[in-house]
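Right, one structure below, let's go through it.
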Amino acid sequence: MHIHEYQAKDLFKNNNIKVPNFVVVSSAKKTAQACEKLGGLVWVVKAQVHAGGRGKGGGVIVCKEIKDAVNASKKLLGSKLITPQTDSNGQPINEVIIEAGQDIAKELYLGLLVDRGSERITVLASTEGGMDIEQVASETPEKIIKKKIDPLGKITLEDCIEIANKLNLDASLHSQFSQTLVGLFNIFTEHDANLIEINPLVITGNNEIIALDGKIDFDDNALYRNESILALRDIAQEDERERSASEYQLNYISLDGTVGCMVNGAGLAMATMDLIEYHGGSPANFLDVGGGTTSERVAKAFEIIQSGDNVKAILVNIFGGIVRCDLIANGILQAIEKVGLSLPIVVRLEGTNAKEGLEILNESQFEIITEADLTKAAQQVVEMAK
Ligand code: ADP
Ligand code: MG
């Protein structure tokens, strides 16, 4: 689960990490008041969306006049922000922060993640912080410093100083840097995070270390024991179809192709998507309806697939192992009766009672193309989606 920058910064503050003063605003009318409260000569208006790359997408606006900040709020609030990290629709901006402009002398990068290779929480740091860190990581990976943390211990002062030295930080900054890193480590381990990033972590003209940005991703499987984090969830930032799928325990991910897929089993779903691509099509989604599929869940899956604007045809690919294909066929018919069928559909059934299942669909009043062979089914659905 992602949270907003301002929520991350609240957590930072509570863990002794310095952040700029800011005010959260959801109506442009409150902007002038926020600027006055913050004081100073420069204000930065920042879109609050669950995506990085906001600076590149026009979501971070530096203002030297209060009236410019008001206009920036007006422009951002209620619109959608498209960045290199969002899809082509962008993310809705329902809140901005008005933040005190900082005098930046140096932009660093500091992050923590679970490195699966080494099975350790790992600190990532770089002297090349700022908006092009992705490019730094891919083109000059040697500029990313990595430090694994002992899973039986905590991050130590020695760890912090070692990283500070690799970042060429002046000794006068060591204690502020250690305080920042220890704070991050505490948030990470106390709340079961997957990733925390401060990019940029800045050194100001006054030799202060300040987190100018904050991104945190928490482990969904541990939210049950992190109530205070779960309370920060913002469903407006989530994909509507993915959210409603999760309510029905359907494993669903939106994609931008044209063939809607309904499959049982994650492996089969992946193979089905590959086959659609192989035959010149592109999947509109990943959907695993799971093992113990009920007709209610099949109906919901249909509804979600058909609600996608880009979907032109549907492929149902079910392997009847424990579950019988005749039961699945009846489930599909019930689903269609309930939610209707507005798109061409190909159903491939294989496994236990496949023959009976296909007969049930063939004899139904609906226009369902049945196919026992998966390759042929994929070829047909790709053709129909064109
Ligand atoms: P994103 O990573 O989504 O682009 P950031 O919060 O990192 O958003 O902001 C992008 C850039 O804008 C920063 O690298 C920094 O140069 C500038 N910036 C952001 N906040 C401030 C601020 N409070 N004062 C001065 N510059 C800022
Ligand atoms: Mg950033």
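Letters A, B, ... go to the chains of the structure tokens in the order shown; residues in each chain start at 1; ligands are counted from 1 in the same order.
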Report as a tab-separated table the residues of chain A within 10 Å of ligand 2, each with its shortest atom pair and distance in Å (one decimal), using only C-alpha atoms and all ligand atoms, ordered by chain and increasing residue number.
```
residue	atom	partner	partner_atom_place_in_ligand_line	distance
A:Glu5	CA	ligand 2	1 (Mg)	9.4
A:Ala51	CA	ligand 2	1 (Mg)	9.8
A:Gly52	CA	ligand 2	1 (Mg)	6.5
A:Gly53	CA	ligand 2	1 (Mg)	6.7
A:Arg54	CA	ligand 2	1 (Mg)	7.5
A:Gly55	CA	ligand 2	1 (Mg)	7.5
A:Lys56	CA	ligand 2	1 (Mg)	9.9
A:Val60	CA	ligand 2	1 (Mg)	9.8
A:Tyr109	CA	ligand 2	1 (Mg)	9.0
A:Gly129	CA	ligand 2	1 (Mg)	8.6
A:Gly130	CA	ligand 2	1 (Mg)	6.3
A:Met131	CA	ligand 2	1 (Mg)	6.1
A:Asp132	CA	ligand 2	1 (Mg)	9.2
A:Ile133	CA	ligand 2	1 (Mg)	9.0
A:Glu197	CA	ligand 2	1 (Mg)	8.4
A:Ile198	CA	ligand 2	1 (Mg)	7.0
A:Asn199	CA	ligand 2	1 (Mg)	4.4
A:Pro200	CA	ligand 2	1 (Mg)	5.6
A:Leu201	CA	ligand 2	1 (Mg)	8.9
A:Ala211	CA	ligand 2	1 (Mg)	9.7
A:Leu212	CA	ligand 2	1 (Mg)	7.5
A:Asp213	CA	ligand 2	1 (Mg)	5.1
A:Gly214	CA	ligand 2	1 (Mg)	7.1
A:Lys215	CA	ligand 2	1 (Mg)	8.0
```
**Request:** as a PyMOL selection string, please: all residues of segment 78-246 of chain A that backbone DSSP puts in strand (DSSP E).
**Result:** chain A and resi 80-81+91-92+96-100+104-115+120-126+145-148+193-204+209-211+215-218
**Message:** List as a PyMOL selection string the protein and nucleic acid residues near segment 92-100 of chain A, meaning an atom at most 8 Å away when only C-alpha atoms are counted, but skip any in the same chain fewer than 3 places from it.
**Reply:** chain A and resi 6+20-27+31+34-35+38-40+42-49+69+73+76-81+236-237
**Message:** Give me the residues near Val346 of chain A as number ranges by chain, where near means some atom within 7 Å (using only C-alpha atoms) and where sequence neighbours in that chain fewer than 3 positions away do not count.
**Reply:** A: 314-316, 368-370, 377, 381
Generate a file of the selected residues that holds all heavy atoms, formatted as a JSON list (two decimals), in the first residue's frame.
```
[["chain", "number", "residue", "atom", "x", "y", "z"],
["A", 314, "ILE", "N", -13.40, -11.21, -25.19],
["A", 314, "ILE", "CA", -13.05, -11.88, -23.93],
["A", 314, "ILE", "C", -12.62, -13.32, -24.20],
["A", 314, "ILE", "O", -13.25, -14.03, -25.00],
["A", 314, "ILE", "CB", -14.26, -11.89, -22.97],
["A", 314, "ILE", "CG1", -14.69, -10.45, -22.64],
["A", 314, "ILE", "CG2", -13.94, -12.65, -21.68],
["A", 314, "ILE", "CD1", -15.98, -10.37, -21.84],
["A", 315, "LEU", "N", -11.59, -13.74, -23.53],
["A", 315, "LEU", "CA", -11.18, -15.15, -23.56],
["A", 315, "LEU", "C", -11.31, -15.73, -22.16],
["A", 315, "LEU", "O", -10.71, -15.23, -21.21],
["A", 315, "LEU", "CB", -9.73, -15.27, -24.04],
["A", 315, "LEU", "CG", -9.13, -16.68, -23.99],
["A", 315, "LEU", "CD1", -9.91, -17.66, -24.86],
["A", 315, "LEU", "CD2", -7.66, -16.67, -24.42],
["A", 316, "VAL", "N", -12.13, -16.79, -22.05],
["A", 316, "VAL", "CA", -12.22, -17.51, -20.78],
["A", 316, "VAL", "C", -11.42, -18.80, -20.96],
["A", 316, "VAL", "O", -11.65, -19.55, -21.90],
["A", 316, "VAL", "CB", -13.69, -17.84, -20.43],
["A", 316, "VAL", "CG1", -13.76, -18.66, -19.14],
["A", 316, "VAL", "CG2", -14.51, -16.58, -20.31],
["A", 368, "ILE", "N", -21.82, -17.86, -27.69],
["A", 368, "ILE", "CA", -20.52, -18.15, -27.06],
["A", 368, "ILE", "C", -19.74, -19.07, -27.99],
["A", 368, "ILE", "O", -20.26, -20.11, -28.41],
["A", 368, "ILE", "CB", -20.72, -18.84, -25.69],
["A", 368, "ILE", "CG1", -21.52, -17.94, -24.76],
["A", 368, "ILE", "CG2", -19.38, -19.23, -25.07],
["A", 368, "ILE", "CD1", -21.93, -18.60, -23.46],
["A", 369, "ILE", "N", -18.54, -18.67, -28.32],
["A", 369, "ILE", "CA", -17.71, -19.54, -29.15],
["A", 369, "ILE", "C", -16.94, -20.45, -28.20],
["A", 369, "ILE", "O", -16.25, -19.99, -27.29],
["A", 369, "ILE", "CB", -16.75, -18.71, -30.01],
["A", 369, "ILE", "CG1", -17.57, -17.86, -30.97],
["A", 369, "ILE", "CG2", -15.78, -19.61, -30.76],
["A", 369, "ILE", "CD1", -16.77, -16.88, -31.77],
["A", 370, "THR", "N", -17.10, -21.76, -28.39],
["A", 370, "THR", "CA", -16.39, -22.69, -27.52],
["A", 370, "THR", "C", -15.24, -23.32, -28.28],
["A", 370, "THR", "O", -15.29, -23.45, -29.51],
["A", 370, "THR", "CB", -17.33, -23.80, -27.01],
["A", 370, "THR", "OG1", -17.90, -24.45, -28.13],
["A", 370, "THR", "CG2", -18.41, -23.24, -26.11],
["A", 377, "ALA", "N", -8.20, -21.14, -29.60],
["A", 377, "ALA", "CA", -9.00, -20.17, -28.83],
["A", 377, "ALA", "C", -8.31, -18.81, -28.83],
["A", 377, "ALA", "O", -8.93, -17.76, -29.05],
["A", 377, "ALA", "CB", -9.21, -20.67, -27.40],
["A", 381, "VAL", "N", -9.75, -15.30, -30.51],
["A", 381, "VAL", "CA", -10.07, -14.11, -29.71],
["A", 381, "VAL", "C", -9.24, -12.91, -30.18],
["A", 381, "VAL", "O", -9.73, -11.78, -30.21],
["A", 381, "VAL", "CB", -9.94, -14.39, -28.20],
["A", 381, "VAL", "CG1", -8.49, -14.30, -27.73],
["A", 381, "VAL", "CG2", -10.79, -13.43, -27.39]]
```
**Item:** Long-range neighbours of Gly331 of chain A as a PyMOL selection string, 8 Å cut-off, only C-alpha atoms, 3 positions minimum in chain
**Value:** chain A and resi 294-296+298-299+327-328+334-335
**Message:** Could you list, as a PyMOL selection string, every residue within 8 Å of Ala266 of chain A, counting only C-alpha atoms and ignoring same-chain residues fewer than 5 positions away?
**Reply:** chain A and resi 287-288+290
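Minimum distance to Ala301 of chain A across A:Asn251, A:Asn221, A:Asn353, A:Asn206 (counting only C-alpha atoms) occurs at A:Asn251.
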Write out as an mmCIF file with C-alpha atoms, in the first residue's frame the residues lying within 7 Å of segment 116-124 of chain A, counting only C-alpha atoms and excluding same-chain residues fewer than 4 positions away.
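As written to disk, selection29.cif reads:
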```
data_model
loop_
_atom_site.group_PDB
_atom_site.id
_atom_site.type_symbol
_atom_site.label_atom_id
_atom_site.label_comp_id
_atom_site.auth_asym_id
_atom_site.auth_seq_id
_atom_site.Cartn_x
_atom_site.Cartn_y
_atom_site.Cartn_z
ATOM 1 C CA LEU A 110 18.506 7.721 0.539
ATOM 2 C CA GLY A 111 16.302 4.640 0.546
ATOM 3 C CA LEU A 112 15.632 1.352 2.315
ATOM 4 C CA ILE A 144 24.519 3.694 -5.858
ATOM 5 C CA ILE A 145 25.956 2.745 -2.467
ATOM 6 C CA LYS A 146 24.437 -0.400 -0.901
ATOM 7 C CA LYS A 147 24.662 -1.544 2.698
ATOM 8 C CA LYS A 148 22.963 -4.669 4.045
ATOM 9 C CA ILE A 149 21.678 -4.558 7.609
ATOM 10 C CA ASP A 150 22.051 -7.501 9.979
ATOM 11 C CA PRO A 151 18.534 -9.001 10.274
#
```
**Request:** For atom CA of Lys29 of chain A and atom CA of Lys13 of chain A, quote the distance in Å rounded to one decimal.
**Result:** 26.7 Å
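Taking atom CA of Ala231 of chain A and atom 10 (C, counted along the ligand's line) of ligand 1 as the two end points, the separation is 26.4 Å.
Distances here use only C-alpha atoms and all ligand atoms; by that measure, the residue among A:Gly153, A:Gly308, A:Gly58, A:Gly281 closest to ligand 1 is A:Gly58.
Using only C-alpha atoms and all ligand atoms, the nearest neighbour of ligand 1 within the list A:Lys312, A:Lys64, A:Lys154, A:Arg324 is A:Lys64.
Here atom CA of Val136 of chain A stands at a distance of 14.9 Å from atom CA of Leu167 of chain A.
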